[in-house]
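Have a look at input-v5.txt; it's compact mmCIF, C-alpha atoms and all ligand atoms:
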# COMPACT_ATOMS: atom_id res chain seq x y z
CA MET A 24 35.10 12.18 -14.09
CA ARG A 25 31.98 14.23 -13.34
CA CYS A 26 29.76 12.55 -10.78
CA VAL A 27 26.04 12.21 -11.58
CA ALA A 28 23.81 13.78 -8.93
CA LEU A 29 21.32 11.31 -7.46
CA ASN A 30 17.73 12.53 -7.25
CA ILE A 31 16.75 12.22 -3.59
CA LEU A 32 13.11 11.64 -4.53
CA GLU A 33 14.09 8.38 -6.22
CA MET A 34 15.47 6.99 -2.98
CA THR A 35 13.94 5.12 -0.08
CA TYR A 36 15.03 6.22 3.37
CA ASP A 37 17.48 3.33 3.64
CA GLU A 38 19.02 4.11 0.25
CA PHE A 39 19.47 7.76 1.14
CA LEU A 40 20.93 6.87 4.50
CA MET A 41 23.47 4.63 2.83
CA ALA A 42 24.40 7.38 0.36
CA ILE A 43 24.80 9.90 3.19
CA LYS A 44 27.07 7.51 5.08
CA ASP A 45 29.12 6.95 1.90
CA LEU A 46 29.79 10.69 1.89
CA GLY A 47 31.12 10.41 5.41
CA LEU A 48 28.18 12.24 7.01
CA GLU A 49 26.40 11.21 10.20
CA ARG A 50 23.11 9.37 10.08
CA TYR A 51 21.09 12.27 11.48
CA ARG A 52 22.10 14.42 8.50
CA ALA A 53 19.88 12.21 6.32
CA ASP A 54 16.94 12.91 8.64
CA GLN A 55 17.64 16.64 8.52
CA VAL A 56 17.71 16.75 4.72
CA LEU A 57 14.53 14.69 4.36
CA ASP A 58 12.80 16.90 6.88
CA TRP A 59 13.61 19.94 4.76
CA VAL A 60 12.44 18.26 1.58
CA TYR A 61 9.31 16.40 2.67
CA LYS A 62 8.06 18.47 5.62
CA LYS A 63 9.28 22.00 4.91
CA HIS A 64 9.29 21.87 1.11
CA ILE A 65 12.77 23.29 0.74
CA PHE A 66 14.25 21.95 -2.45
CA VAL A 67 17.63 23.71 -2.60
CA PHE A 68 20.45 22.64 -0.30
CA GLU A 69 21.62 26.23 0.11
CA LYS A 70 18.51 26.95 2.21
CA MET A 71 18.95 24.01 4.59
CA THR A 72 20.25 26.21 7.34
CA ASN A 73 20.89 23.62 10.04
CA LEU A 74 23.65 22.18 7.85
CA SER A 75 27.07 23.74 7.55
CA LYS A 76 28.04 25.45 4.30
CA GLU A 77 30.55 22.71 3.67
CA HIS A 78 27.90 20.01 4.03
CA ARG A 79 25.43 21.91 1.88
CA ASN A 80 27.99 22.16 -0.90
CA LEU A 81 28.83 18.48 -0.58
CA LEU A 82 25.16 17.54 -0.79
CA ALA A 83 24.56 19.82 -3.78
CA ARG A 84 27.45 18.19 -5.64
CA ASN A 85 26.08 14.70 -5.05
CA PHE A 86 22.30 14.99 -5.00
CA SER A 87 19.46 16.72 -6.80
CA ILE A 88 15.81 17.23 -5.85
CA ASP A 89 13.93 17.14 -9.13
CA LEU A 90 10.46 18.63 -9.17
CA PRO A 91 8.35 18.94 -12.32
CA GLU A 92 7.58 22.36 -13.76
CA ALA A 93 3.91 23.40 -13.85
CA LEU A 94 3.03 24.40 -17.43
CA ASP A 95 -0.65 24.88 -16.71
CA LYS A 96 -2.93 24.96 -13.70
CA ARG A 97 -6.72 25.04 -13.61
CA VAL A 98 -8.80 25.58 -10.49
CA SER A 99 -12.49 24.74 -10.53
CA PRO A 100 -14.64 27.60 -9.24
CA LEU A 101 -17.26 24.98 -8.38
CA ASP A 102 -15.40 22.53 -6.14
CA HIS A 103 -11.78 23.85 -6.07
CA THR A 104 -10.50 20.76 -7.86
CA THR A 105 -7.07 21.78 -9.12
CA LYS A 106 -5.47 20.25 -12.16
CA TYR A 107 -1.81 20.57 -13.12
CA LEU A 108 0.00 19.91 -16.34
CA TYR A 109 3.59 19.15 -15.37
CA LYS A 110 6.71 19.09 -17.52
CA LEU A 111 9.25 16.43 -16.57
CA GLN A 112 13.02 16.77 -16.89
CA ASP A 113 12.99 15.23 -20.39
CA GLY A 114 10.22 17.56 -21.62
CA ASN A 115 7.41 14.98 -21.48
CA THR A 116 4.20 16.09 -19.82
CA ILE A 117 1.89 14.49 -17.27
CA GLU A 118 -1.17 15.52 -15.30
CA SER A 119 -1.87 15.52 -11.57
CA VAL A 120 -5.07 16.55 -9.81
CA LEU A 121 -5.85 17.76 -6.31
CA LEU A 122 -9.36 16.98 -5.14
CA PHE A 123 -11.17 18.16 -2.05
CA HIS A 124 -13.57 16.01 -0.06
CA GLU A 125 -15.08 16.99 3.26
CA GLY A 126 -12.08 18.37 5.05
CA TYR A 127 -9.28 16.52 3.35
CA ALA A 128 -7.23 16.77 0.17
CA THR A 129 -6.56 13.87 -2.17
CA ALA A 130 -3.93 13.85 -4.90
CA CYS A 131 -4.60 11.86 -8.04
CA ILE A 132 -1.23 11.12 -9.58
CA SER A 133 0.12 9.73 -12.85
CA THR A 134 2.32 6.68 -13.27
CA GLN A 135 3.08 6.75 -17.00
CA VAL A 136 3.50 9.30 -19.78
CA GLY A 137 0.43 8.40 -21.82
CA CYS A 138 -1.02 4.92 -21.42
CA PRO A 139 -0.81 1.73 -23.47
CA VAL A 140 -4.22 0.41 -22.36
CA LYS A 141 -6.26 2.67 -24.69
CA CYS A 142 -9.65 2.58 -22.98
CA SER A 143 -12.17 4.00 -25.42
CA PHE A 144 -13.61 6.55 -22.97
CA CYS A 145 -10.25 7.99 -21.89
CA ALA A 146 -8.36 10.95 -23.34
CA THR A 147 -5.02 9.61 -22.08
CA GLY A 148 -5.57 6.30 -23.84
CA LYS A 149 -6.05 8.18 -27.11
CA SER A 150 -2.71 9.97 -26.80
CA GLY A 151 -0.59 6.80 -26.94
CA PHE A 152 2.12 5.57 -24.61
CA ILE A 153 5.58 7.10 -24.26
CA ARG A 154 7.23 5.73 -21.12
CA ASN A 155 6.91 4.73 -17.49
CA LEU A 156 7.50 7.31 -14.78
CA SER A 157 10.32 6.70 -12.34
CA ALA A 158 9.53 6.37 -8.64
CA GLY A 159 10.92 9.88 -8.08
CA GLU A 160 8.71 11.35 -10.81
CA ILE A 161 5.69 9.80 -9.09
CA VAL A 162 6.72 11.09 -5.65
CA SER A 163 7.56 14.54 -7.03
CA GLN A 164 3.94 15.16 -8.05
CA ILE A 165 2.90 15.09 -4.39
CA LEU A 166 5.61 17.53 -3.34
CA ALA A 167 4.94 19.87 -6.26
CA ILE A 168 1.23 20.06 -5.42
CA GLU A 169 1.87 20.57 -1.71
CA ASN A 170 4.43 23.23 -2.45
CA ASP A 171 2.00 25.11 -4.68
CA THR A 172 -1.08 24.86 -2.48
CA ASN A 173 0.26 24.60 1.07
CA GLN A 174 -2.13 21.66 1.47
CA THR A 175 -0.84 18.59 3.26
CA ILE A 176 -1.80 15.61 1.17
CA ARG A 177 -2.91 12.68 3.27
CA ASN A 178 -4.72 10.69 0.61
CA ILE A 179 -3.21 9.51 -2.64
CA VAL A 180 -4.81 7.72 -5.55
CA TYR A 181 -2.73 6.19 -8.32
CA MET A 182 -5.44 6.95 -10.82
CA GLY A 183 -4.03 9.64 -13.11
CA MET A 184 -2.43 8.97 -16.46
CA GLY A 185 -1.25 5.42 -16.99
CA GLU A 186 -1.93 1.92 -15.71
CA PRO A 187 -0.05 1.64 -12.39
CA LEU A 188 0.39 -2.12 -12.50
CA LEU A 189 2.17 -1.87 -15.85
CA ASN A 190 4.80 0.17 -14.01
CA TYR A 191 4.77 -2.12 -10.99
CA ASP A 192 8.29 -1.73 -9.60
CA ASN A 193 8.39 2.06 -9.76
CA VAL A 194 4.87 2.39 -8.36
CA LEU A 195 5.74 0.10 -5.45
CA LYS A 196 8.97 1.95 -4.78
CA SER A 197 7.16 5.29 -4.78
CA VAL A 198 4.68 3.87 -2.25
CA ARG A 199 7.54 2.72 -0.03
CA VAL A 200 9.10 6.19 -0.24
CA LEU A 201 5.85 7.98 0.57
CA ILE A 202 4.82 5.86 3.55
CA ASP A 203 8.14 6.12 5.38
CA GLU A 204 7.85 8.15 8.57
CA LYS A 205 11.10 9.91 7.69
CA THR A 206 9.63 11.21 4.42
CA LYS A 207 5.95 11.93 3.70
CA ASN A 208 4.65 9.50 6.30
CA VAL A 209 1.42 8.88 4.38
CA GLY A 210 -0.71 6.17 5.97
CA VAL A 211 -0.65 3.14 3.71
CA ARG A 212 -4.39 2.76 4.16
CA ARG A 213 -4.81 6.19 2.64
CA ILE A 214 -3.24 5.12 -0.63
CA THR A 215 -5.31 3.59 -3.42
CA VAL A 216 -3.98 1.86 -6.51
CA SER A 217 -6.53 1.90 -9.32
CA THR A 218 -6.13 -0.61 -12.12
CA VAL A 219 -8.02 -2.02 -15.09
CA GLY A 220 -6.94 -5.37 -13.68
CA ILE A 221 -3.79 -7.33 -14.42
CA PRO A 222 -4.38 -10.54 -12.47
CA ASP A 223 -0.80 -11.67 -11.76
CA LYS A 224 0.20 -8.17 -10.64
CA ILE A 225 -2.85 -7.91 -8.36
CA VAL A 226 -1.91 -11.19 -6.70
CA ARG A 227 1.71 -10.03 -6.39
CA LEU A 228 0.53 -6.78 -4.82
CA SER A 229 -1.47 -8.78 -2.29
CA GLN A 230 1.77 -10.45 -1.17
CA GLU A 231 3.73 -7.22 -0.56
CA GLY A 232 2.39 -6.90 2.98
CA LEU A 233 1.33 -3.31 2.32
CA ASP A 234 -2.48 -3.46 2.53
CA LEU A 235 -3.01 -0.67 0.02
CA ASN A 236 -6.53 0.06 -1.12
CA LEU A 237 -7.26 -1.54 -4.45
CA ALA A 238 -9.74 -0.20 -7.00
CA ILE A 239 -10.65 -2.18 -10.10
CA SER A 240 -11.96 -0.33 -13.15
CA LEU A 241 -14.51 -2.90 -14.28
CA HIS A 242 -16.93 -0.69 -16.24
CA ALA A 243 -18.90 -3.60 -17.69
CA ALA A 244 -20.51 -6.78 -16.45
CA SER A 245 -19.95 -8.93 -19.53
CA ASN A 246 -16.75 -9.67 -21.43
CA GLU A 247 -18.51 -8.84 -24.67
CA LYS A 248 -19.13 -5.25 -23.53
CA ARG A 249 -15.86 -4.84 -21.65
CA ASP A 250 -13.91 -5.89 -24.75
CA GLN A 251 -15.39 -2.89 -26.54
CA ILE A 252 -14.22 -0.27 -24.03
CA ILE A 253 -11.11 -1.82 -22.44
CA PRO A 254 -9.02 -3.63 -25.05
CA MET A 255 -6.99 -5.34 -22.32
CA ASN A 256 -10.09 -7.35 -21.43
CA ARG A 257 -9.36 -9.54 -24.45
CA ARG A 258 -6.27 -10.67 -22.57
CA TYR A 259 -7.62 -10.81 -19.02
CA THR A 260 -11.31 -11.60 -18.70
CA ILE A 261 -13.63 -10.18 -16.05
CA GLU A 262 -13.63 -13.52 -14.25
CA GLU A 263 -9.81 -13.61 -14.10
CA VAL A 264 -9.62 -10.03 -12.87
CA LEU A 265 -12.24 -10.60 -10.18
CA HIS A 266 -10.62 -13.85 -9.09
CA ALA A 267 -7.38 -11.92 -8.50
CA ALA A 268 -9.32 -9.16 -6.72
CA LYS A 269 -10.80 -11.80 -4.42
CA ILE A 270 -7.32 -13.08 -3.56
CA TYR A 271 -6.27 -9.49 -2.89
CA GLN A 272 -9.24 -8.92 -0.65
CA GLU A 273 -8.63 -12.12 1.30
CA ASN A 274 -4.87 -11.56 1.68
CA SER A 275 -5.19 -7.92 2.68
CA ASP A 276 -8.57 -8.06 4.41
CA ARG A 277 -9.31 -4.81 2.60
CA ARG A 278 -12.58 -4.13 0.85
CA VAL A 279 -11.93 -3.79 -2.89
CA THR A 280 -13.53 -0.89 -4.76
CA ILE A 281 -15.15 -1.62 -8.10
CA GLU A 282 -15.29 1.37 -10.45
CA TYR A 283 -18.13 1.27 -12.97
CA ILE A 284 -18.53 4.08 -15.49
CA LEU A 285 -22.17 4.30 -16.49
CA ILE A 286 -22.66 4.83 -20.23
CA ARG A 287 -26.10 5.45 -21.69
CA GLU A 288 -27.63 2.47 -23.46
CA PHE A 289 -24.38 0.57 -23.29
CA ASN A 290 -23.85 -0.74 -19.77
CA ASP A 291 -26.71 0.91 -17.85
CA PHE A 292 -29.43 -1.71 -18.34
CA ASP A 293 -31.12 -3.59 -15.51
CA GLU A 294 -29.58 -6.74 -16.90
CA ASP A 295 -26.08 -5.21 -16.51
CA ALA A 296 -26.76 -4.32 -12.88
CA ARG A 297 -28.04 -7.83 -12.12
CA ARG A 298 -25.10 -9.42 -13.87
CA LEU A 299 -22.70 -7.19 -11.96
CA ALA A 300 -24.35 -8.12 -8.67
CA LYS A 301 -24.00 -11.80 -9.55
CA LEU A 302 -20.31 -11.38 -10.42
CA LEU A 303 -19.61 -9.64 -7.12
CA LYS A 304 -21.70 -11.91 -4.90
CA GLY A 305 -19.75 -13.08 -1.88
CA MET A 306 -16.97 -10.54 -2.34
CA LYS A 307 -16.21 -7.74 0.12
CA VAL A 308 -16.55 -4.88 -2.36
CA PHE A 309 -17.88 -1.37 -2.74
CA VAL A 310 -19.12 -0.21 -6.14
CA ASN A 311 -18.53 3.35 -7.30
CA LEU A 312 -20.97 4.18 -10.08
CA ILE A 313 -19.54 7.02 -12.16
CA PRO A 314 -21.83 8.59 -14.76
CA ILE A 315 -19.54 9.18 -17.76
CA ASN A 316 -18.15 12.63 -18.47
CA PRO A 317 -19.54 13.24 -21.97
CA VAL A 318 -16.90 15.90 -22.67
CA VAL A 319 -14.15 13.29 -23.07
CA SER A 320 -15.89 10.86 -25.35
CA ASN A 321 -18.83 10.65 -27.69
CA MET A 322 -20.64 8.49 -25.15
CA GLU A 323 -23.64 9.82 -23.28
CA ARG A 324 -24.53 9.87 -19.61
CA PRO A 325 -27.59 7.82 -18.56
CA THR A 326 -30.66 9.61 -17.25
CA GLN A 327 -30.77 10.22 -13.51
CA TRP A 328 -33.58 7.72 -13.22
CA LYS A 329 -31.44 5.02 -14.87
CA ILE A 330 -28.46 5.87 -12.64
CA ASN A 331 -30.58 5.58 -9.50
CA ARG A 332 -32.18 2.37 -10.69
CA PHE A 333 -28.80 0.76 -11.39
CA LYS A 334 -27.71 1.59 -7.87
CA GLU A 335 -30.96 0.30 -6.37
CA ILE A 336 -30.58 -3.07 -8.10
CA LEU A 337 -27.10 -3.45 -6.63
CA LEU A 338 -28.26 -2.44 -3.15
CA GLU A 339 -31.22 -4.82 -3.30
CA SER A 340 -28.77 -7.60 -4.20
CA GLY A 341 -26.69 -6.84 -1.11
CA ILE A 342 -23.88 -5.02 -2.97
CA GLU A 343 -22.82 -1.71 -1.45
CA ALA A 344 -22.82 1.04 -4.04
CA GLU A 345 -22.71 4.81 -4.39
CA VAL A 346 -22.98 7.24 -7.29
CA ARG A 347 -19.90 9.41 -7.62
CA TYR A 348 -19.80 12.35 -9.98
CA GLU A 349 -16.44 13.25 -11.43
CA LYS A 350 -15.05 16.37 -9.83
CA GLY A 351 -13.64 19.24 -11.83
CA ALA A 352 -15.62 18.54 -15.01
CA ASP A 353 -15.59 22.31 -15.66
CA ILE A 354 -11.76 22.41 -15.80
CA GLU A 355 -11.12 19.33 -17.94
CA ALA A 356 -10.07 17.36 -14.87
CA ALA A 357 -10.79 14.03 -16.54
CA CYS A 358 -7.59 12.14 -17.11
CA GLY A 359 -5.61 13.31 -20.14
CA GLN A 360 -7.72 16.22 -21.36
CA LEU A 361 -5.36 19.02 -20.40
CA ARG A 362 -2.31 17.24 -21.79
CA ILE A 363 -4.00 16.59 -25.12
CA ARG A 364 -4.91 20.26 -25.39
CA HIS A 365 -1.28 21.15 -24.73
CA LEU A 366 0.02 18.61 -27.30
CA GLN A 367 -2.33 20.02 -29.94
CA LYS A 368 -0.97 23.56 -29.59
S1 LIG B 1 -8.56 4.81 -18.21
FE1 LIG B 1 -6.58 4.46 -17.21
S2 LIG B 1 -5.93 2.49 -18.07
FE2 LIG B 1 -7.54 3.22 -19.43
S3 LIG B 1 -6.43 4.34 -21.06
FE3 LIG B 1 -7.00 5.83 -19.46
S4 LIG B 1 -5.20 5.97 -18.16
FE4 LIG B 1 -5.01 4.07 -19.33

What do you get writing this file as structure tokens?
Ligand code: SF4
Amino acid sequence: MRCVALNILEMTYDEFLMAIKDLGLERYRADQVLDWVYKKHIFVFEKMTNLSKEHRNLLARNFSIDLPEALDKRVSPLDHTTKYLYKLQDGNTIESVLLFHEGYATACISTQVGCPVKCSFCATGKSGFIRNLSAGEIVSQILAIENDTNQTIRNIVYMGMGEPLLNYDNVLKSVRVLIDEKTKNVGVRRITVSTVGIPDKIVRLSQEGLDLNLAISLHAASNEKRDQIIPMNRRYTIEEVLHAAKIYQENSDRRVTIEYILIREFNDFDEDARRLAKLLKGMKVFVNLIPINPVVSNMERPTQWKINRFKEILLESGIEAEVRYEKGADIEAACGQLRIRHLQK
């Protein structure tokens, strides 16, 4: 019977260690292999030169290291934001983005092929949902980007294609892989999970003892408006989502980020800002105000005056807020755009 090679990127350190021991190899061999993969970006056993030929052959027969293939890559001449369209082993495609902020690189990674949530302002939502990514497919995006750019990624946001909390187990496993000091050793406080808000999953996440950063895509201050742009709001109201966020904040003692896309003459009125401030009163939150990228939808960006005013109302109400412009707008870096272009070919 032909044995199926196990993808190392799907495995936690303990799982890999167990598999290595099952092959009759010493414990430190696991550390050596992971060092090659995660620190030196060597993805073929043949090149792992501190292992004997016999061991390299044994490993190659039993394990694989599956990285996605880059079908497209766009680099912004404005801010160096780099967007990848990756092909997975089964031919499905996903997007990953590398963003640069003062001195550090952040990877924005996908968790699903497509997305079932169907937010009205999102290109990914329009393309439908195909499947969840495995933990290894999530981890592999980080290694593929690092390998291409020689950048060490220290910050990760689960904010690409897909709703992370609808792929809870694989997302959590990928986090556990990435934070292990034997693998990527990413600081858990440098990882952000961004969600439209699934209350029971947010509460569950708060009990994992991981203290990840949590970002909630709220985008409206009334259920009536949120229903129109995030269909899932009909199932979980703003109040339910924020109640769960409050539990998360209390259990983790982490400040929760509230994402709010500003759309002209839809959710940019003074009344929306005041209502938002009232909803968030007493919570330890930070609001990111994101003027909408008009390229992705038929919705318009508010005037600069309106954007500033919205922020001022929040600040005057004691809510911390900042305006954040989407990076890479010139290279279709908004979630799902590149993939849709590819699918339409
Ligand atoms: S914004 Fe996020 S949750 Fe909404 S459809 Fe797009 S990928 Fe899905």

Closest to Ile286 in chain A among A:Gln112, A:Ser240, A:Thr326, A:Ser119, using only C-alpha atoms?
-> A:Thr326

Hey, which bits of chain A sit within 10 Å of ligand LIG 1 (chain B), and for each residue what's the closest pair of atoms and how far apart in Å (one decimal), counting only C-alpha atoms and all ligand atoms, rows by chain and increasing number, as CSV?
residue,atom,partner,partner_atom,distance
A:Ser133,CA,B:LIG1,S4,8.4
A:Thr134,CA,B:LIG1,S4,9.0
A:Gln135,CA,B:LIG1,S4,8.4
A:Val136,CA,B:LIG1,S4,9.5
A:Gly137,CA,B:LIG1,S4,7.1
A:Cys138,CA,B:LIG1,FE4,4.6
A:Pro139,CA,B:LIG1,FE4,6.3
A:Val140,CA,B:LIG1,S3,4.7
A:Lys141,CA,B:LIG1,S3,4.0
A:Cys142,CA,B:LIG1,S3,4.1
A:Ser143,CA,B:LIG1,S3,7.2
A:Phe144,CA,B:LIG1,S1,7.2
A:Cys145,CA,B:LIG1,FE3,4.6
A:Ala146,CA,B:LIG1,FE3,6.6
A:Thr147,CA,B:LIG1,FE3,5.0
A:Gly148,CA,B:LIG1,S3,3.5
A:Lys149,CA,B:LIG1,S3,7.2
A:Ser150,CA,B:LIG1,S3,8.9
A:Gly151,CA,B:LIG1,S3,8.6
A:Phe152,CA,B:LIG1,FE4,9.0
A:Tyr181,CA,B:LIG1,FE1,9.8
A:Met182,CA,B:LIG1,FE1,7.0
A:Gly183,CA,B:LIG1,S4,6.4
A:Met184,CA,B:LIG1,S4,4.4
A:Gly185,CA,B:LIG1,S4,4.2
A:Glu186,CA,B:LIG1,S2,4.7
A:Pro187,CA,B:LIG1,S2,8.2
A:Leu188,CA,B:LIG1,S2,9.6
A:Leu189,CA,B:LIG1,S2,9.5
A:Ser217,CA,B:LIG1,FE1,8.3
A:Thr218,CA,B:LIG1,S2,6.7
A:Val219,CA,B:LIG1,S2,5.8
A:Gly220,CA,B:LIG1,S2,9.1
A:Ser240,CA,B:LIG1,S1,8.0
A:Ile252,CA,B:LIG1,FE2,8.8
A:Ile253,CA,B:LIG1,FE2,6.9
A:Pro254,CA,B:LIG1,FE2,9.0
A:Met255,CA,B:LIG1,S2,9.0
A:Ala357,CA,B:LIG1,FE3,9.5
A:Cys358,CA,B:LIG1,S4,6.7
A:Gly359,CA,B:LIG1,S4,7.6

Within 9 Å of Thr116 in chain A, counting all atoms listed in the file, which residues qualify if same-chain residues fewer than 2 places away don't, as a ChimeraX atom specification?
-> /A:94,108-111,113-114,118,136-137,362,365-366

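Shortest atom-to-atom contact with Ala158 in chain A among A:Ile214, A:Ala42, A:Met34, A:Leu228: A:Met34, counting only C-alpha atoms.
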
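Excluding range 60-73 of chain A itself and same-chain residues fewer than 4 positions from it, the residues having an atom within 8 Å of it are Gln55, Val56, Arg79, Asn80, Leu82, Ala83, Ile88, Leu166, Asn170, Thr206 and Lys207 of chain A, counting all atoms listed in the file.
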
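For the set A:Val279, A:Ile31, A:Leu74, A:Leu235, the residue with the smallest atom-to-atom gap to Leu48 in chain A is A:Leu74, counting all atoms listed in the file.
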
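What separates CA of Asp276 in chain A from CA of Ser245 in chain A is a distance of 26.5 Å.
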
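Every polymer residue reaching to within 7 Å of (-19.2, 9.2, -9.1), counting only C-alpha atoms, appears in this list: Asn311, Leu312, Ile313, Pro314, Val346, Arg347, Tyr348 and Glu349 of chain A.
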
Counting all atoms listed in the file, note down every residue that has an atom within 9 Å of the point (-21.7, -5.0, -21.2) (file coordinates), as a PyMOL selection string.
-> chain A and resi 242-251+289-292+295

Skip Lys269 in chain A itself and residues of its chain fewer than 2 positions away, then list as JSON, numbers by chain all residues within 12 Å of it, counting all atoms listed in the file.
-> {"A": [220, 222, 225, 226, 229, 237, 238, 239, 262, 263, 264, 265, 266, 267, 271, 272, 273, 274, 275, 276, 277, 278, 279, 280, 281, 302, 303, 304, 305, 306, 307, 308]}

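Take CA of Glu323 in chain A and CA of Arg287 in chain A: the distance between them is 5.3 Å.
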
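Each of A:Lys44, A:Arg52, A:Gln164, A:Val310 was compared to Leu90 in chain A using all atoms listed in the file, and A:Gln164 turns out to be the nearest.
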
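What separates CA of Leu122 in chain A from CA of Asp102 in chain A is a distance of 8.3 Å.
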
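Checking A:His103, A:Lys205, A:Arg154, A:Asn173 one by one against Trp59 in chain A, counting all atoms listed in the file, you find the shortest gap at A:Lys205.
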
What are the centre and edge lengths in Å, to one decimal, of the axis-aligned box around all listed atoms of range 100-113 of chain A with 3 Å added on each side, as AutoDock Vina command-line options?
--center_x -2.1 --center_y 21.4 --center_z -13.2 --size_x 36.3 --size_y 18.4 --size_z 20.3

Skipping near chain neighbours, those fewer than 6 positions away, what residues fall within 12 Å of Tyr127 in chain A using only C-alpha atoms, listed as a list in words?
-> Leu121, Gln174, Thr175, Ile176, Arg177, Asn178, Ile179 and Arg213 of chain A

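Each of A:Ile153, A:Met322, A:Ile342, A:Leu337 was checked against Asp293 in chain A using all atoms listed in the file; the smallest atom-to-atom distance is that of A:Leu337.
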
Extract range 244-268 of chain A from the preceding block and save C-alpha atoms as an mmCIF file, in the first residue's frame.
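Okay, this is what ended up in result38.cif:
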data_model
loop_
_atom_site.group_PDB
_atom_site.id
_atom_site.type_symbol
_atom_site.label_atom_id
_atom_site.label_comp_id
_atom_site.auth_asym_id
_atom_site.auth_seq_id
_atom_site.Cartn_x
_atom_site.Cartn_y
_atom_site.Cartn_z
ATOM 1 C CA ALA A 244 -24.445 51.614 14.009
ATOM 2 C CA SER A 245 -28.003 50.391 13.508
ATOM 3 C CA ASN A 246 -29.293 46.919 12.682
ATOM 4 C CA GLU A 247 -31.431 48.387 9.931
ATOM 5 C CA LYS A 248 -28.353 49.653 8.072
ATOM 6 C CA ARG A 249 -26.110 46.722 8.941
ATOM 7 C CA ASP A 250 -28.704 44.288 7.572
ATOM 8 C CA GLN A 251 -28.298 45.969 4.195
ATOM 9 C CA ILE A 252 -24.534 45.486 3.913
ATOM 10 C CA ILE A 253 -23.813 42.392 6.043
ATOM 11 C CA PRO A 254 -26.528 39.771 5.559
ATOM 12 C CA MET A 255 -25.291 37.849 8.607
ATOM 13 C CA ASN A 256 -26.536 40.714 10.782
ATOM 14 C CA ARG A 257 -30.044 39.327 10.343
ATOM 15 C CA ARG A 258 -28.846 36.342 12.351
ATOM 16 C CA TYR A 259 -26.602 38.070 14.887
ATOM 17 C CA THR A 260 -27.563 41.615 15.795
ATOM 18 C CA ILE A 261 -25.124 44.404 16.590
ATOM 19 C CA GLU A 262 -26.009 44.134 20.276
ATOM 20 C CA GLU A 263 -25.256 40.390 20.333
ATOM 21 C CA VAL A 264 -21.966 40.864 18.513
ATOM 22 C CA LEU A 265 -20.863 43.673 20.816
ATOM 23 C CA HIS A 266 -21.900 41.734 23.902
ATOM 24 C CA ALA A 267 -19.608 38.900 22.779
ATOM 25 C CA ALA A 268 -16.843 41.415 22.001
#
